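Shown next: my_file.csv, given as CSV, C-alpha atoms and all ligand atoms.
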chain,number,residue,atom,x,y,z
A,1,MET,CA,16.5,34.4,-41.8
A,2,ASN,CA,13.7,36.6,-40.4
A,3,ALA,CA,11.8,36.7,-43.6
A,4,PRO,CA,8.1,36.3,-43.1
A,5,THR,CA,6.8,32.9,-44.2
A,6,GLN,CA,5.3,33.4,-47.6
A,7,HIS,CA,1.6,32.4,-47.8
A,8,VAL,CA,1.3,29.8,-50.5
A,9,PRO,CA,-2.4,28.9,-51.2
A,10,THR,CA,-3.1,25.2,-51.2
A,11,ALA,CA,-6.1,23.1,-52.4
A,12,GLY,CA,-6.5,21.6,-49.0
A,13,ALA,CA,-7.0,25.1,-47.4
A,14,LEU,CA,-10.1,25.5,-49.5
A,15,LEU,CA,-11.7,22.7,-47.6
A,16,GLU,CA,-11.4,24.7,-44.4
A,17,GLN,CA,-12.1,28.1,-45.9
A,18,PHE,CA,-15.4,26.7,-47.3
A,19,ALA,CA,-16.2,24.1,-44.7
A,20,GLY,CA,-19.9,24.6,-44.7
A,21,GLU,CA,-20.2,24.3,-48.5
A,22,TRP,CA,-17.9,21.3,-48.4
A,23,ARG,CA,-20.1,19.6,-45.9
A,24,SER,CA,-23.2,20.2,-48.1
A,25,ALA,CA,-21.3,18.7,-51.1
A,26,THR,CA,-20.3,15.5,-49.3
A,27,ARG,CA,-23.3,14.7,-46.9
A,28,HIS,CA,-26.8,14.2,-48.2
A,29,PRO,CA,-29.9,12.2,-47.4
A,30,PHE,CA,-29.4,10.3,-50.6
A,31,LEU,CA,-26.1,9.0,-49.3
A,32,ASP,CA,-27.6,8.2,-45.9
A,33,ALA,CA,-30.3,6.2,-47.7
A,34,VAL,CA,-27.7,4.3,-49.7
A,35,ARG,CA,-26.1,3.4,-46.3
A,36,SER,CA,-29.3,2.4,-44.6
A,37,GLY,CA,-30.9,0.7,-47.5
A,38,SER,CA,-34.0,3.0,-47.4
A,39,LEU,CA,-33.3,4.3,-50.9
A,40,ALA,CA,-35.8,3.1,-53.5
A,41,PRO,CA,-34.1,1.2,-56.4
A,42,GLU,CA,-35.8,3.5,-58.9
A,43,ALA,CA,-34.3,6.6,-57.3
A,44,PHE,CA,-30.9,5.0,-57.4
A,45,SER,CA,-31.4,4.1,-61.1
A,46,THR,CA,-32.4,7.7,-61.9
A,47,TRP,CA,-29.3,9.0,-60.2
A,48,LEU,CA,-27.1,6.4,-61.9
A,49,VAL,CA,-28.2,7.3,-65.4
A,50,GLN,CA,-27.6,11.0,-64.8
A,51,ASP,CA,-24.2,10.3,-63.3
A,52,TYR,CA,-23.3,8.3,-66.4
A,53,LEU,CA,-24.1,11.3,-68.5
A,54,PHE,CA,-22.1,13.5,-66.2
A,55,VAL,CA,-19.0,11.2,-66.5
A,56,ALA,CA,-19.3,11.4,-70.3
A,57,ASP,CA,-19.2,15.2,-70.0
A,58,LEU,CA,-16.3,15.0,-67.6
A,59,LEU,CA,-14.3,12.9,-70.0
A,60,ALA,CA,-14.7,15.6,-72.7
A,61,PHE,CA,-13.7,18.3,-70.2
A,62,GLN,CA,-10.7,16.4,-69.0
A,63,ALA,CA,-9.5,15.6,-72.5
A,64,ARG,CA,-9.4,19.4,-73.2
A,65,LEU,CA,-7.8,20.1,-69.9
A,66,LEU,CA,-5.0,17.6,-70.6
A,67,ALA,CA,-4.3,19.4,-73.9
A,68,ARG,CA,-3.4,22.6,-72.0
A,69,ALA,CA,-1.9,21.1,-68.8
A,70,PRO,CA,1.7,21.8,-67.9
A,71,ARG,CA,4.1,18.8,-68.4
A,72,PRO,CA,4.1,17.6,-64.8
A,73,ALA,CA,0.3,17.3,-64.7
A,74,GLN,CA,0.0,15.3,-67.9
A,75,ALA,CA,0.5,11.9,-66.3
A,76,VAL,CA,-2.2,12.2,-63.7
A,77,LEU,CA,-4.7,13.7,-66.2
A,78,ALA,CA,-3.9,11.1,-68.9
A,79,ALA,CA,-4.3,8.2,-66.4
A,80,GLY,CA,-7.6,9.8,-65.2
A,81,LEU,CA,-8.9,9.9,-68.8
A,82,VAL,CA,-8.2,6.2,-69.2
A,83,GLY,CA,-10.0,5.7,-65.9
A,84,LEU,CA,-13.0,7.7,-67.0
A,85,GLU,CA,-13.4,5.7,-70.2
A,86,ALA,CA,-13.3,2.5,-68.1
A,87,GLU,CA,-15.8,4.0,-65.8
A,88,LEU,CA,-18.2,4.6,-68.7
A,89,SER,CA,-17.9,0.9,-69.6
A,90,TRP,CA,-18.5,-0.1,-65.9
A,91,PHE,CA,-21.7,2.0,-65.9
A,92,GLU,CA,-22.8,0.4,-69.2
A,93,GLN,CA,-22.4,-3.1,-67.7
A,94,HIS,CA,-24.4,-2.2,-64.6
A,95,ALA,CA,-27.1,-0.5,-66.6
A,96,ALA,CA,-27.4,-3.6,-68.8
A,97,ARG,CA,-27.7,-5.8,-65.7
A,98,ARG,CA,-30.4,-3.5,-64.2
A,99,GLY,CA,-32.2,-3.3,-67.5
A,100,LEU,CA,-31.6,0.4,-67.6
A,101,GLY,CA,-31.4,2.5,-70.8
A,102,LEU,CA,-28.6,5.1,-70.7
A,103,GLU,CA,-30.0,7.3,-73.6
A,104,ALA,CA,-31.9,9.5,-71.2
A,105,ASP,CA,-32.2,13.3,-71.6
A,106,ARG,CA,-30.0,15.3,-69.3
A,107,HIS,CA,-31.7,16.5,-66.2
A,108,THR,CA,-31.5,20.3,-65.7
A,109,LEU,CA,-28.8,19.8,-63.0
A,110,THR,CA,-26.7,17.5,-65.3
A,111,GLN,CA,-27.0,20.2,-68.0
A,112,ASP,CA,-25.9,22.9,-65.5
A,113,TYR,CA,-22.9,20.9,-64.6
A,114,ARG,CA,-22.0,20.3,-68.2
A,115,ASP,CA,-22.3,24.1,-68.9
A,116,PHE,CA,-20.1,24.8,-65.9
A,117,LEU,CA,-17.4,22.4,-67.2
A,118,ARG,CA,-17.7,24.1,-70.6
A,119,ASP,CA,-17.2,27.5,-69.1
A,120,LEU,CA,-14.2,26.3,-67.2
A,121,GLU,CA,-12.5,25.7,-70.5
A,122,LEU,CA,-12.2,29.4,-70.8
A,123,ALA,CA,-11.0,29.9,-67.2
A,124,PRO,CA,-7.4,29.8,-66.2
A,125,TYR,CA,-5.9,26.3,-66.0
A,126,GLY,CA,-5.5,26.7,-62.2
A,127,ALA,CA,-9.3,27.2,-61.7
A,128,ALA,CA,-10.0,24.1,-63.9
A,129,ILE,CA,-7.6,21.8,-62.2
A,130,VAL,CA,-8.8,22.8,-58.8
A,131,ALA,CA,-12.4,22.2,-59.9
A,132,LEU,CA,-11.5,18.8,-61.2
A,133,TRP,CA,-9.7,17.9,-57.9
A,134,ALA,CA,-12.6,19.2,-55.8
A,135,LEU,CA,-15.3,17.3,-57.7
A,136,GLU,CA,-13.4,14.0,-57.5
A,137,ARG,CA,-12.5,14.6,-53.9
A,138,ALA,CA,-16.1,15.4,-53.0
A,139,TYR,CA,-17.3,12.2,-54.7
A,140,LEU,CA,-14.7,10.1,-52.8
A,141,GLU,CA,-15.6,11.6,-49.4
A,142,ALA,CA,-19.4,11.4,-50.1
A,143,TRP,CA,-19.1,7.7,-50.9
A,144,ARG,CA,-16.8,7.0,-47.9
A,145,GLY,CA,-19.6,8.5,-45.8
A,146,ALA,CA,-22.0,6.0,-47.2
A,147,ALA,CA,-19.8,3.0,-46.6
A,148,PRO,CA,-20.2,0.1,-46.5
A,149,GLY,CA,-23.7,0.6,-47.9
A,150,ALA,CA,-26.8,-1.5,-47.8
A,151,PRO,CA,-26.4,-4.9,-49.6
A,152,ALA,CA,-28.2,-3.6,-52.7
A,153,TYR,CA,-25.7,-0.8,-53.0
A,154,ALA,CA,-22.5,-2.1,-51.4
A,155,GLU,CA,-20.7,-2.9,-54.7
A,156,PHE,CA,-21.2,0.6,-55.9
A,157,VAL,CA,-19.9,2.1,-52.7
A,158,GLU,CA,-16.9,-0.1,-52.8
A,159,HIS,CA,-16.2,0.8,-56.4
A,160,TRP,CA,-16.2,4.5,-55.6
A,161,THR,CA,-14.0,4.2,-52.4
A,162,VAL,CA,-11.2,1.9,-53.7
A,163,PRO,CA,-7.6,2.9,-52.7
A,164,ALA,CA,-6.7,3.5,-56.4
A,165,PHE,CA,-9.4,6.2,-56.5
A,166,ALA,CA,-8.0,7.9,-53.4
A,167,GLU,CA,-4.5,7.8,-54.9
A,168,TYR,CA,-5.8,9.4,-58.0
A,169,VAL,CA,-7.5,12.2,-56.0
A,170,ALA,CA,-4.2,12.7,-54.2
A,171,GLY,CA,-2.4,13.0,-57.5
A,172,LEU,CA,-4.9,15.7,-58.7
A,173,GLU,CA,-4.3,17.5,-55.4
A,174,ARG,CA,-0.6,17.7,-56.1
A,175,ALA,CA,-1.4,19.1,-59.6
A,176,ALA,CA,-3.8,21.6,-58.1
A,177,ASP,CA,-1.2,22.7,-55.5
A,178,ALA,CA,1.4,23.2,-58.2
A,179,ALA,CA,-1.0,25.5,-60.1
A,180,LEU,CA,-2.1,27.4,-57.0
A,181,GLY,CA,1.5,28.1,-56.1
A,182,ALA,CA,1.9,30.0,-59.4
A,183,ALA,CA,-1.6,31.7,-59.4
A,184,SER,CA,-2.0,35.5,-59.5
A,185,ALA,CA,-4.4,37.2,-57.1
A,186,ASP,CA,-6.9,37.4,-59.9
A,187,GLU,CA,-6.5,33.7,-60.7
A,188,GLN,CA,-6.8,32.8,-57.0
A,189,ALA,CA,-10.2,34.6,-56.9
A,190,GLN,CA,-11.3,32.5,-59.9
A,191,VAL,CA,-10.1,29.4,-58.2
A,192,GLU,CA,-12.2,30.1,-55.1
A,193,ALA,CA,-15.3,30.8,-57.3
A,194,ALA,CA,-14.8,27.6,-59.2
A,195,PHE,CA,-14.4,25.6,-55.9
A,196,LYS,CA,-17.6,27.1,-54.5
A,197,ASP,CA,-19.4,26.3,-57.8
A,198,VAL,CA,-18.3,22.7,-57.5
A,199,THR,CA,-19.6,22.4,-54.0
A,200,ARG,CA,-23.0,23.9,-55.0
A,201,LEU,CA,-23.3,21.6,-58.1
A,202,GLU,CA,-22.2,18.4,-56.1
A,203,ALA,CA,-24.7,19.2,-53.3
A,204,ALA,CA,-27.6,19.6,-55.8
A,205,PHE,CA,-26.6,16.5,-57.8
A,206,TRP,CA,-27.2,14.2,-54.9
A,207,GLY,CA,-30.8,15.3,-54.9
A,208,ILE,CA,-31.3,14.6,-58.6
A,209,ALA,CA,-33.6,11.7,-58.0
A,210,GLN,CA,-35.8,13.5,-55.4
A,211,PRO,CA,-39.4,14.2,-56.5
A,212,GLY,CA,-39.4,17.6,-58.0
A,213,GLY,CA,-35.7,17.2,-58.9
A,214,ALA,CA,-33.8,19.3,-56.4
A,215,GLY,CA,-33.4,22.7,-57.9
A,216,ALA,CA,-34.5,21.7,-61.4
B,301,LIG,C1,-21.7,14.3,-59.7
B,301,LIG,N1,-19.3,14.2,-59.3
B,301,LIG,C2,-20.4,13.6,-59.8
B,301,LIG,N2,-20.3,12.4,-60.4
B,301,LIG,C3,-19.1,11.8,-60.5
B,301,LIG,N3,-19.1,10.6,-61.1
B,301,LIG,C4,-18.0,12.4,-60.0
B,301,LIG,C5,-18.1,13.6,-59.4
B,301,LIG,C6,-16.6,11.7,-60.0
B,301,LIG,O1,-16.3,11.3,-61.3

For this file, write the structure as structure tokens.
Amino acid sequence: MNAPTQHVPTAGALLEQFAGEWRSATRHPFLDAVRSGSLAPEAFSTWLVQDYLFVADLLAFQARLLARAPRPAQAVLAAGLVGLEAELSWFEQHAARRGLGLEADRHTLTQDYRDFLRDLELAPYGAAIVALWALERAYLEAWRGAAPGAPAYAEFVEHWTVPAFAEYVAGLERAADAALGAASADEQAQVEAAFKDVTRLEAAFWGIAQPGGAGA
């Protein structure tokens, strides 16, 4: 009856614990320029090609994560994989329409993100599912902040803010919370490190089309 409330870590608590980092991951001059229309089309194209390469790497990461996920998390991860494959097709259609080639080399930042996802395959499942949730949630919040977007970019902003995407992110959060509830202190530390790494990588990625390449 008088037992102390046990502290169960949640994914949502990380957003407050690392509020400054989260802000950097979800607000950026690139997104402001998408909203206002001041973004040069070439800069958007550069970013778009690198994001396509990122999504291809994310698909590989998520396929391996699904293979080691606990039974209750399989549905959201499997649906997410189908969604990522469709997302690649969507990028390919838009690239064709813009006359863009997608066979570009990876930018240093895209390669860094790929290496991070590779390393997560050796980390505890909890750290990996929290990282996946965090990177999808950051993307959703970032694009919500750019809504509705200047006419040239509005269809992209809409695509990345649809309710189905928000529901997917909520499903990932449930899977992340389930993993956190069972995490040891050591795993919890790895979760926090992975979360912070995601915020750093997301923040840098928005600057990928800047002259000089934002941290490249
Ligand atoms: C950089 N983060 C980045 N790109 C994306 N497409 C997502 C997250 C969401 O899939």

>> Could you list, as a ChimeraX atom specification, every residue within 7 Å of stretch 71-86 of chain A, counting all atoms listed in the file and ignoring same-chain residues fewer than 2 positions away?
In response: /A:55,59,62-63,66,69,88-90,171-172,175

>> 9 Å from ligand LIG 301 (chain B) is the threshold here; counting all atoms listed in the file, which polymer residues fall inside it? Answer as a list in words.
In response: Gln50, Asp51, Tyr52, Leu53, Phe54, Val55, Leu58, Leu84, Glu87, Thr110, Tyr113, Leu132, Ala134, Leu135, Glu136, Arg137, Ala138, Tyr139, Leu140, Trp160, Val198, Leu201, Glu202, Ala203, Ala204, Phe205 and Trp206 of chain A

>> Can you pull out the residues contacting A:Gln190? Cut-off 9 Å, using only C-alpha atoms, and skip same-chain residues under 2 positions away; I want them as a list of chain:residue names.
In response: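 Here the qualifying residues turn out to be A:Ala123, A:Pro124, A:Gly126, A:Ala127, A:Ala185, A:Asp186, A:Glu187, A:Gln188, A:Glu192, A:Ala193, A:Ala194, A:Phe195.
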
> Between atom CA of A:Gly207 and atom CA of A:Ala19, what is the distance, to one decimal in Å?
Replying inline: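 Interatomic distance, atom CA of A:Gly207 to atom CA of A:Ala19: 19.9 Å.
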
>> My list of candidates is A:Gly149, A:Gly181, A:Lys196, A:Trp22. Which is closest to A:Leu39 when distances are computed with all atoms listed in the file?
In response: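 Nearest candidate to A:Leu39 out of A:Gly149, A:Gly181, A:Lys196, A:Trp22: A:Gly149.
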
>> Quick one: residues within 10 Å of A:Arg118, all atoms listed in the file, excluding same-chain residues fewer than 6 positions away - as a count of residues only?
In response: 6

>> Which residues are near A:His28? Cut-off 9 Å, all atoms listed in the file, ignore same chain within fewer than 3 positions. Put them as a PyMOL selection string.
In response: chain A and resi 23-25+31-33+142+203+206-207

>> Please list as a list of chain:residue names every residue within 7 Å of A:Trp47, counting all atoms listed in the file and excluding residues in the same chain fewer than 4 positions away.
In response: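 Within the cut-off, the hits are A:Ala43, A:Asp51, A:Ile208, A:Ala209.
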
> Quick one, how far is atom CA of A:Leu109 from atom CA of A:Ala95?
Replying inline: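 For atom CA of A:Leu109 relative to atom CA of A:Ala95, the distance reads 20.7 Å.
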
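You will find atom CA of A:Ala67 at 16.1 Å from atom CA of A:Val130.
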
>> I need the residue nearest A:Leu102 from this list: A:Val8, A:Leu48, A:Phe156, A:Ala182. Use all atoms listed in the file for the distance.
In response: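 Among the listed residues, the smallest separation from A:Leu102 belongs to A:Leu48.
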
Each side padded by 8 Å, which centre and which edge lengths in Å (one decimal) define the axis-aligned box around the listed atoms of stretch 192-200 of chain A? Give them as AutoDock Vina command-line options.
--center_x -17.6 --center_y 26.6 --center_z -56.6 --size_x 26.8 --size_y 24.4 --size_z 21.2

>> Here's a test: counting all atoms listed in the file, identify every protein, DNA and RNA residue with an atom at most 12 Å from (-28.0, -4.7, -55.6) in the file's coordinate frame, and state them as a ChimeraX atom specification.
In response: /A:34,37,39-42,44-45,94-95,97-98,149-157

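Closest approach to A:Pro70 from the set A:Ile129, A:Val169, A:Gly145, A:Pro163 is made by A:Ile129, with distances taken over all atoms listed in the file.
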
> Between A:Ala164, A:Ala170, A:Ala147, A:Ala131, which has the minimum distance to A:Arg200 (counting all atoms listed in the file)?
Replying inline: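 Of A:Ala164, A:Ala170, A:Ala147, A:Ala131, the one nearest A:Arg200 is A:Ala131, counting all atoms listed in the file.
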
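Among the candidates A:Ala176, A:Thr108, A:Ser36, A:His159, the residue lying nearest to A:Phe91 is A:His159 (atoms considered: all atoms listed in the file).
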
> Which one of A:Ala104, A:Val191, A:Arg35, A:Thr46 sits closest to A:Leu120 if you count all atoms listed in the file?
Replying inline: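 Looking only at the distances to A:Leu120, the closest residue turns out to be A:Val191.
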
Would you fill out stretch 156-178 of chain A with N, CA and C atoms and return it as a compact mmCIF listing (two decimals), in the coordinates of the input?
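File written: rebuild_2.txt
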# COMPACT_ATOMS: atom_id res chain seq x y z
N PHE A 156 -21.43 -0.71 -55.36
CA PHE A 156 -21.20 0.60 -55.90
C PHE A 156 -20.33 1.44 -54.94
N VAL A 157 -20.69 1.37 -53.66
CA VAL A 157 -19.90 2.10 -52.70
C VAL A 157 -18.46 1.67 -52.66
N GLU A 158 -18.27 0.38 -52.78
CA GLU A 158 -16.90 -0.10 -52.80
C GLU A 158 -16.13 0.37 -54.00
N HIS A 159 -16.80 0.34 -55.14
CA HIS A 159 -16.20 0.80 -56.40
C HIS A 159 -15.69 2.24 -56.29
N TRP A 160 -16.49 3.09 -55.61
CA TRP A 160 -16.20 4.50 -55.60
C TRP A 160 -15.34 4.90 -54.32
N THR A 161 -14.85 3.90 -53.58
CA THR A 161 -14.00 4.20 -52.40
C THR A 161 -12.70 3.40 -52.46
N VAL A 162 -12.38 2.78 -53.59
CA VAL A 162 -11.20 1.90 -53.70
C VAL A 162 -9.92 2.80 -53.47
N PRO A 163 -8.86 2.19 -52.90
CA PRO A 163 -7.60 2.90 -52.70
C PRO A 163 -7.07 3.60 -53.97
N ALA A 164 -7.23 2.94 -55.11
CA ALA A 164 -6.70 3.50 -56.40
C ALA A 164 -7.39 4.86 -56.66
N PHE A 165 -8.67 4.97 -56.32
CA PHE A 165 -9.40 6.20 -56.50
C PHE A 165 -8.84 7.31 -55.59
N ALA A 166 -8.59 6.94 -54.34
CA ALA A 166 -8.00 7.90 -53.40
C ALA A 166 -6.63 8.36 -53.83
N GLU A 167 -5.86 7.44 -54.39
CA GLU A 167 -4.50 7.80 -54.90
C GLU A 167 -4.63 8.78 -56.06
N TYR A 168 -5.60 8.54 -56.91
CA TYR A 168 -5.80 9.40 -58.00
C TYR A 168 -6.19 10.85 -57.55
N VAL A 169 -7.07 10.91 -56.55
CA VAL A 169 -7.50 12.20 -56.00
C VAL A 169 -6.25 12.91 -55.38
N ALA A 170 -5.38 12.15 -54.73
CA ALA A 170 -4.20 12.70 -54.20
C ALA A 170 -3.25 13.28 -55.27
N GLY A 171 -3.19 12.58 -56.38
CA GLY A 171 -2.40 13.00 -57.50
C GLY A 171 -2.95 14.34 -58.10
N LEU A 172 -4.27 14.41 -58.17
CA LEU A 172 -4.90 15.70 -58.70
C LEU A 172 -4.62 16.80 -57.68
N GLU A 173 -4.59 16.49 -56.39
CA GLU A 173 -4.30 17.50 -55.40
C GLU A 173 -2.91 18.11 -55.57
N ARG A 174 -1.96 17.24 -55.88
CA ARG A 174 -0.60 17.70 -56.10
C ARG A 174 -0.57 18.65 -57.35
N ALA A 175 -1.29 18.27 -58.39
CA ALA A 175 -1.40 19.10 -59.60
C ALA A 175 -2.05 20.45 -59.27
N ALA A 176 -3.10 20.38 -58.45
CA ALA A 176 -3.80 21.60 -58.10
C ALA A 176 -2.90 22.51 -57.23
N ASP A 177 -2.17 21.92 -56.29
CA ASP A 177 -1.20 22.70 -55.50
C ASP A 177 -0.17 23.39 -56.31
N ALA A 178 0.34 22.67 -57.29
CA ALA A 178 1.40 23.20 -58.20
C ALA A 178 0.82 24.45 -58.91
